[in-house]
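Asker: Mind looking over this structure? Questions follow.
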Amino acid sequence: MEKEALIIGTSNGLLLLYSVDDNATEIVGRVEGGVRFIAPSPDGDLLALITGFGQILVMNLDWDLLYEMPLDDLPEDVDVHESALPGDHSSNASISWRGDGKFFASLSMVNDSFPLHKKLKVWERDSGALHSVSESKPFMGSVLDWTQSGAKIALVYDRKEEKQCPSVALFEKNGLERSSFSINEAIDVTLEFLKFNCNSDLLAAVVRGETFDTLKIWYFSNNHWYLKQEIRYLKEDGIKFMWDLTNPLKLMCWTLDGRVISYKFVWVTAVTDNSIAFVVDASKVLVTPFSLSLMPPPMYFLKLEFPSAVRDMAFSSKISQNHLAASLSDGSLCIVELPPLDQWDDLEGQTFKIEASYSGTEYGPMLHLSWLDSQVILGVSHFDEDVHRGYYLHEIEISCSDYRSPGSVTCSGWHAEISHQISLEGVVIGIAPNQLISCSAFVQFDGGKMFEYTSKLGGLQRCDDMAFLSSCPWMDATLVGEKPLLFGLDDNGRLHFERSVLCNNCSSFSFYSNSGEGMMTHLVITTKQDYLFVVDVGDIVHGQLEQKYGNFLPVVVRKKTGENENVFVHLWEKGAQIIGVLHGDESAVILQTPRGNLECVYPRKLVLASIFNALAQGRFRDALLMVRRHRIDFNVIIDHRGWEAFVESAADFVRQVNNLSYITEFICAIKHEDIMETLYKNYVSLPCISGDKSSKTIIDGDKKVYSVLLSIRKALEEQIEETPARELCILTTLAKSSPPVLEDALKRIKVIREMELSTATDPRRKSYPSSEESLKHLLWLSDTEAVFEAALGLYDLSLAAIVALNSQRDPKEFLPLLQELERMPPLLMQYNIDLKLERYESALRHIASAGDSYYEDFISLMKKVPELYPLGLQLIGGDSSKRQQVLEAWGDHLDATKCFEDAATTFLCCFCLDKALKAYRSCGNWMGVLTVAGFMKLGKDDVLQLARELSEELQALGKPGDASKILLEYCGDVDGGVSLLVDARNWEEALRVGFLHRRDDLILVVKNASLECATLLVGEYNEGMEKVGKYLTRYLAVRQRRLLLAAKIKSDELSLGYPDDETASQASSNFSGMSAYTTGTRRGSSASTTLSTSTRGRGRQRNRGKIRAGSADEEAALVDHLKGMSLSEGGKIELKSLLISLLMLGEEDTARKLQRTAEKFQLHQIAAVKLAEDAGSTDNIDEQALTLDHYTQSVRKQVLNSDAFSWQSKVLL
């Protein structure tokens, strides 16, 4: 029996084994009394059979009898080996094994009981012992089946004695009944062949009636059995069936005339675009609008009852019309019109009986129903007659003769007529209406082939560009822009779109529109790993799924983006699937769990999309309600289009919201940051906003808060009538402003307090809260210390005392201060308050107004706060003596803070020449020093001494050029001046001075120094070219090895995971070898060394730091060093001066050599930088093209005549 074989038992008792491979039959045993039933165990190791004598025999694979027991409870005097009595039921007895094979069940007759009463017996596999027995029940025949999961045993009650139709009962292994349900048929019907599918979630049975037989399929969910399919057959067909052993939705039927019919069922979610759910249960359709009530079946909002069981249905929602078409098992077609959703309140709990509008029994029931428009339906039927056998596509026109009352369900008076039909060559998998073209639909055939049907053309046109790669039982078409998009889901979880696969692990999908007007904006899918993804339709159209969603694998998404909340949501219950969405502002996804319960989730991405859509349409109230309901940051309303745009719309915001409590909550939530750049930057694509939002600062945040609250405050004052609540809301805007405008808030409270203290009757008094309530509200929103200081800042000591008392401060803390301030003169009180509050400008004004007796305090305050000196000068006016004192004090401050130039200027204004000369000397301004010395009328010797000291100081500061001017102009030292000009590399000026004084010895000195400098520069440029070559070679090697390592990591990423960028960078650098970047130090005389060092610093830019071999940033450091080796602007000027001087001195060869060497170095450096940049921008290193010589030639043609080479002398080219 390990081979593929068939076991046959005969009424004579023979056991035959037919081998398929050998096409041979052998007799393997004989049973007394004949064989009535055979049931192999699920694992195939045992064989249970029932004999004609009513005995149960259990054998193994060797045909050895393991044990035997009687099927029925017989009297003691009955011999089990005698022939079966006529009334015995052993001829149709049956056995059902549990899925794991440990138990099997049978139905047994009960002795001395009602004729139809039987017992359910459960037997143990190992010993054949009786495990449990049920009570005596009127079971019908021997129909029983044990689920593959082993939880339930299904049997049938015969209830004719109760004058009721049969019912299906579910028993447990212990023989106790768990539940039962009626099959809702006539009393005299019989039920046969009760079988569960391999997943134990569908139960099928054949019901034999007087006129026809019916194949019924039930589904259990939420403790209720739904009749999901009813297929009718003729009595003479003698229909029987069996479930596929591996596919839970495939069922095989066969008839007595030899027909074999294969049914492949598909779970179809019947939730419309406007979120109305339909649940089929036999002849009833349970209707629930999810937008009004989210209740799971079998609960419902209203119920529709049809003449017979519903096989298929379709729903259409156009403008205000809602039509339902239902195809019934008797071949009828029914039409129902439902009112708009806003008129459903009176329909709750009602039941409507529907009349048939068309009877097409010759074609059989219509399947794949689809509305083309409000008056045309498309459907597929199968014709069984031999002449016209096959599938047909029907176009049906709908009309209604009865008056349709608004707000009611129209369930009668409908007429349907087939206007056009075409024969089909293959099996139709699905039909989806084309929303772009009226009366058009997409028809999918087996294999994913796609055709378009158009009503006016009456034929099918092939659409290969929209076909699927395989058959997709779940198909939907959506409209994006001016193009319909087709999506399909196959049995393997592959989501198809335009001959490509979007997702390989999809379990369900749906579409969402943030406007609710039919234009879909998001695709919502669930995966087999129980994750829910929200996909922008734009990402699908532009091919960005891989980049943003990582094949819909959460691990990949986290590795690539580091984000997850905006991309996917983890479902809390395994196997939950999408059954519908609530479009527009509802932004909800409705999921159904395997238990049958409904759950409503609000993905953050959809919520934000609906909020942004509401804001784009100017619906501020709707946006605010969504923000509050879903706990979104209130700042999204402000930052969506930028706070500047919100300020302009603040009046509309206040007018629409018109709820001071909501507005106050909104005000308290305003933040400085732009949350569209922080918290919600990864959720949706935002519209372009003017301005650079990436450069926001704290100052910008303060401006945002201040401007927004100011605009809201103005809108409140202009549009909301005066009430205590409005005043508290205005105080909130003042307290939450940045910085808080507490003084204005206290001024408003002060006005209220004055109205309370006034004896006159003020009609506005009722429009304001009490001063105590207002103050407590302000203190609750603000820092109490800041409010107390603001009250002091108003110089109102009584108000400050009230604030202190209401803020629960200890009187010992504030009373002494207030009493002391109260005893002071007004100006002095204000001065001391300003000092306490650090309002120094105001304090200076008040102390200046107090008189000359407080002049010392005036000076001391400016010395303490130096920023007050300009204001102090203004307050003094024309008093020259005080003005000089203030200026001298200011100069001393500037000198102490090392602002010597400003200090010297300030000292000159107050004629403090000694201090001015000292300040100029401190900052190295020798011209200023000598000018002030002239003002001071110093003697000639003093000036000469001062000049020499300045020259020495300037030399020490590295300013030989300025020092040479002093020696030449003030000291008459020509030798020293020329020597300093040589040190300053001012070759032309040194020659000019030498020729001016006709000093050939000095000209020789200049010549020798210039030749030495030229020789050193040639050496430096040669050494620089060598370094450029080394750096570039090292860079290309590091880059090449990094690319090789990155390629290896990428090839192994599926098995090794995704390493982060830092790890890959470090690994790449460590993989490369070590190298040195410095060359040996040149040796020479001290003069040449000094000259070389000076030339290096001035001729080329300073390098940007060390290069660490093997470090993660080695490539960037190499490029920076190459860029840092370029000639500086100062170096070019000195080089040009040296070339001119050499030409003047007749050293043309030396000058030409220097110019060519410098030119070659500069070309090498520019070419190396360009080569490195090109190599860094590509992932493929072409060693033939990326050579320094090639780039040098290319650069020479491009830049040789540019400003970068303006230092060259054309005579030397």
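Lettering and numbering for the structure tokens are positional, with chains as A, B, ... in the shown order, residues counted from 1 in each chain, and ligands counted from 1 in the shown order.
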Residues of stretch 266-375 of chain A that approach stretch 169-188 of chain A to 12 Å or less, counting only C-alpha atoms: could you list each one with the shortest pair of atoms and its distance in Å to one decimal, rows by chain and increasing residue number, as CSV?
Answerer:
residue,atom,partner,partner_atom,distance
A:Asp281,CA,A:Asn184,CA,11.2
A:Ala282,CA,A:Asn184,CA,8.8
A:Ser283,CA,A:Asn184,CA,9.9
A:Lys284,CA,A:Asn184,CA,11.7
A:Ser308,CA,A:Glu185,CA,10.8
A:Ala309,CA,A:Asn184,CA,10.6
Asker: Mind dumping the selected residues with all heavy atoms as a PDB file, in the first residue's frame?
Answerer:
ATOM      1  N   ASP A 281     -25.675  35.004   3.310  1.00  0.00           N
ATOM      2  CA  ASP A 281     -26.032  33.888   4.183  1.00  0.00           C
ATOM      3  C   ASP A 281     -27.297  33.258   3.607  1.00  0.00           C
ATOM      4  O   ASP A 281     -28.415  33.704   3.900  1.00  0.00           O
ATOM      5  CB  ASP A 281     -26.255  34.363   5.610  1.00  0.00           C
ATOM      6  CG  ASP A 281     -26.511  33.208   6.568  1.00  0.00           C
ATOM      7  OD1 ASP A 281     -26.294  32.051   6.161  1.00  0.00           O
ATOM      8  OD2 ASP A 281     -26.919  33.462   7.713  1.00  0.00           O
ATOM      9  N   ALA A 282     -27.104  32.238   2.747  1.00  0.00           N
ATOM     10  CA  ALA A 282     -28.216  31.566   2.065  1.00  0.00           C
ATOM     11  C   ALA A 282     -28.965  32.581   1.200  1.00  0.00           C
ATOM     12  O   ALA A 282     -28.374  33.243   0.360  1.00  0.00           O
ATOM     13  CB  ALA A 282     -29.108  30.875   3.076  1.00  0.00           C
ATOM     14  N   SER A 283     -30.265  32.743   1.454  1.00  0.00           N
ATOM     15  CA  SER A 283     -31.077  33.684   0.668  1.00  0.00           C
ATOM     16  C   SER A 283     -31.082  35.078   1.264  1.00  0.00           C
ATOM     17  O   SER A 283     -31.793  35.955   0.780  1.00  0.00           O
ATOM     18  CB  SER A 283     -32.508  33.154   0.562  1.00  0.00           C
ATOM     19  OG  SER A 283     -33.090  33.061   1.859  1.00  0.00           O
ATOM     20  N   LYS A 284     -30.312  35.283   2.294  1.00  0.00           N
ATOM     21  CA  LYS A 284     -30.274  36.585   2.969  1.00  0.00           C
ATOM     22  C   LYS A 284     -28.931  37.266   2.674  1.00  0.00           C
ATOM     23  O   LYS A 284     -27.895  36.611   2.577  1.00  0.00           O
ATOM     24  CB  LYS A 284     -30.458  36.425   4.478  1.00  0.00           C
ATOM     25  CG  LYS A 284     -31.759  35.757   4.873  1.00  0.00           C
ATOM     26  CD  LYS A 284     -31.895  35.667   6.369  1.00  0.00           C
ATOM     27  CE  LYS A 284     -30.887  34.694   6.972  1.00  0.00           C
ATOM     28  NZ  LYS A 284     -31.119  33.316   6.559  1.00  0.00           N
ATOM     29  N   SER A 308     -34.357  32.876  -3.326  1.00  0.00           N
ATOM     30  CA  SER A 308     -33.530  31.683  -3.136  1.00  0.00           C
ATOM     31  C   SER A 308     -32.117  32.122  -2.772  1.00  0.00           C
ATOM     32  O   SER A 308     -31.825  33.321  -2.671  1.00  0.00           O
ATOM     33  CB  SER A 308     -33.538  30.813  -4.400  1.00  0.00           C
ATOM     34  OG  SER A 308     -33.014  31.551  -5.503  1.00  0.00           O
ATOM     35  N   ALA A 309     -31.234  31.124  -2.611  1.00  0.00           N
ATOM     36  CA  ALA A 309     -29.879  31.424  -2.137  1.00  0.00           C
ATOM     37  C   ALA A 309     -29.126  32.281  -3.154  1.00  0.00           C
ATOM     38  O   ALA A 309     -29.270  32.134  -4.364  1.00  0.00           O
ATOM     39  CB  ALA A 309     -29.121  30.126  -1.879  1.00  0.00           C
TER      40      ALA A 309
END
Asker: When DSSP is applied to the backbone of this structure, which of stretch 715-813 of chain A are assigned alpha helix (DSSP H)? Write them out as a PyMOL selection string.
Answerer: chain A and resi 715-719+724-735+742-757+771-781+784-793+797-806+811-813
Asker: Take atom CA of A:Gly1024 and atom CA of A:Leu957 and report the distance between them in Å, one decimal.
Answerer: 28.5 Å
Asker: Any idea what's packed within 7 Å of A:Pro433, counting only C-alpha atoms, ignoring anything in its chain fewer than 2 positions away? Could you give it as a ChimeraX atom specification?
Answerer: /A:370-372,431,435,440-442,477
Asker: Which residue, A:Leu875, A:Cys910, A:Thr51, A:Leu17, has the smallest gap to A:Val31 when you use only C-alpha atoms?
Answerer: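 Among A:Leu875, A:Cys910, A:Thr51, A:Leu17, it is A:Thr51 that comes nearest to A:Val31.
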Asker: Report the distance between atom CA of A:His522 and atom CA of A:Ser374 in Å, rounded to one decimal place.
Answerer: 26.4 Å
Asker: Which is closer to A:Tyr358 than all the others in A:Ser399, A:Asn322, A:Asn1022, A:Thr1015, using only C-alpha atoms?
Answerer: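 Checking each candidate against A:Tyr358, we get A:Ser399 as the closest.
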Asker: Work out how far apart atom CA of A:Glu949 and atom CA of A:Arg998 are and give it in Å to one decimal.
Answerer: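 Atom CA of A:Glu949 sits 27.6 Å away from atom CA of A:Arg998.
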Asker: Neighbouring residues of stretch 797-807 of chain A were defined as those with any atom within 6 Å, considering only C-alpha atoms; residues of the same chain fewer than 4 positions away were excluded. Please report them as a PyMOL selection string.
Answerer: chain A and resi 788+791-792
Asker: Which residues are near stretch 635-650 of chain A? Cut-off 7 Å, only C-alpha atoms, ignore same chain within fewer than 2 positions. Put them as a PDB file with N, CA, C and O atoms, in the first residue's frame.
Answerer:
ATOM      1  N   ASP A 633       0.091  65.810  16.059  1.00  0.00           N
ATOM      2  CA  ASP A 633       0.634  67.081  16.534  1.00  0.00           C
ATOM      3  C   ASP A 633      -0.115  68.236  15.871  1.00  0.00           C
ATOM      4  O   ASP A 633      -0.239  68.307  14.656  1.00  0.00           O
ATOM      5  N   ASP A 652      -9.721  82.695   8.760  1.00  0.00           N
ATOM      6  CA  ASP A 652     -10.577  81.577   8.333  1.00  0.00           C
ATOM      7  C   ASP A 652     -10.534  80.437   9.340  1.00  0.00           C
ATOM      8  O   ASP A 652     -11.551  79.787   9.607  1.00  0.00           O
ATOM      9  N   PHE A 653      -9.362  80.175   9.892  1.00  0.00           N
ATOM     10  CA  PHE A 653      -9.220  79.113  10.891  1.00  0.00           C
ATOM     11  C   PHE A 653     -10.115  79.388  12.105  1.00  0.00           C
ATOM     12  O   PHE A 653     -10.883  78.508  12.546  1.00  0.00           O
ATOM     13  N   VAL A 654     -10.064  80.581  12.626  1.00  0.00           N
ATOM     14  CA  VAL A 654     -10.854  80.917  13.820  1.00  0.00           C
ATOM     15  C   VAL A 654     -12.338  80.889  13.489  1.00  0.00           C
ATOM     16  O   VAL A 654     -13.158  80.390  14.274  1.00  0.00           O
ATOM     17  N   ILE A 670       1.385  74.817  20.149  1.00  0.00           N
ATOM     18  CA  ILE A 670       2.256  75.369  19.111  1.00  0.00           C
ATOM     19  C   ILE A 670       3.717  75.248  19.552  1.00  0.00           C
ATOM     20  O   ILE A 670       4.079  75.604  20.675  1.00  0.00           O
ATOM     21  N   LYS A 671       4.556  74.749  18.637  1.00  0.00           N
ATOM     22  CA  LYS A 671       5.975  74.548  18.915  1.00  0.00           C
ATOM     23  C   LYS A 671       6.815  75.438  18.015  1.00  0.00           C
ATOM     24  O   LYS A 671       6.361  75.933  16.982  1.00  0.00           O
ATOM     25  N   ASP A 674       9.613  73.115  13.006  1.00  0.00           N
ATOM     26  CA  ASP A 674       8.789  72.775  11.857  1.00  0.00           C
ATOM     27  C   ASP A 674       8.668  71.260  11.826  1.00  0.00           C
ATOM     28  O   ASP A 674       9.578  70.556  11.409  1.00  0.00           O
ATOM     29  N   ILE A 675       7.528  70.747  12.261  1.00  0.00           N
ATOM     30  CA  ILE A 675       7.406  69.292  12.395  1.00  0.00           C
ATOM     31  C   ILE A 675       7.339  68.600  11.039  1.00  0.00           C
ATOM     32  O   ILE A 675       7.542  67.386  10.963  1.00  0.00           O
ATOM     33  N   MET A 676       7.065  69.345   9.977  1.00  0.00           N
ATOM     34  CA  MET A 676       7.102  68.725   8.658  1.00  0.00           C
ATOM     35  C   MET A 676       8.529  68.400   8.238  1.00  0.00           C
ATOM     36  O   MET A 676       8.745  67.624   7.305  1.00  0.00           O
ATOM     37  N   ILE A 689       7.181  74.453  -0.783  1.00  0.00           N
ATOM     38  CA  ILE A 689       6.947  75.598   0.085  1.00  0.00           C
ATOM     39  C   ILE A 689       8.068  76.591  -0.142  1.00  0.00           C
ATOM     40  O   ILE A 689       9.243  76.230  -0.156  1.00  0.00           O
ATOM     41  N   LYS A 704       7.902  82.326  14.357  1.00  0.00           N
ATOM     42  CA  LYS A 704       6.730  81.530  14.001  1.00  0.00           C
ATOM     43  C   LYS A 704       5.680  81.602  15.098  1.00  0.00           C
ATOM     44  O   LYS A 704       4.508  81.924  14.848  1.00  0.00           O
ATOM     45  N   SER A 707       4.237  85.207  15.504  1.00  0.00           N
ATOM     46  CA  SER A 707       3.390  85.655  14.394  1.00  0.00           C
ATOM     47  C   SER A 707       2.076  84.890  14.356  1.00  0.00           C
ATOM     48  O   SER A 707       1.008  85.474  14.119  1.00  0.00           O
ATOM     49  N   VAL A 708       2.118  83.578  14.576  1.00  0.00           N
ATOM     50  CA  VAL A 708       0.895  82.780  14.541  1.00  0.00           C
ATOM     51  C   VAL A 708      -0.061  83.208  15.653  1.00  0.00           C
ATOM     52  O   VAL A 708      -1.259  83.415  15.432  1.00  0.00           O
ATOM     53  N   SER A 711      -1.639  86.587  14.935  1.00  0.00           N
ATOM     54  CA  SER A 711      -2.720  86.523  13.946  1.00  0.00           C
ATOM     55  C   SER A 711      -3.979  85.903  14.545  1.00  0.00           C
ATOM     56  O   SER A 711      -5.096  86.349  14.262  1.00  0.00           O
ATOM     57  N   ILE A 712      -3.823  84.890  15.387  1.00  0.00           N
ATOM     58  CA  ILE A 712      -4.989  84.276  16.036  1.00  0.00           C
ATOM     59  C   ILE A 712      -5.639  85.274  16.991  1.00  0.00           C
ATOM     60  O   ILE A 712      -6.876  85.372  17.066  1.00  0.00           O
ATOM     61  N   ALA A 715      -7.637  87.707  15.046  1.00  0.00           N
ATOM     62  CA  ALA A 715      -8.854  87.078  14.536  1.00  0.00           C
ATOM     63  C   ALA A 715      -9.891  86.901  15.646  1.00  0.00           C
ATOM     64  O   ALA A 715     -11.096  87.079  15.418  1.00  0.00           O
TER      65      ALA A 715
END
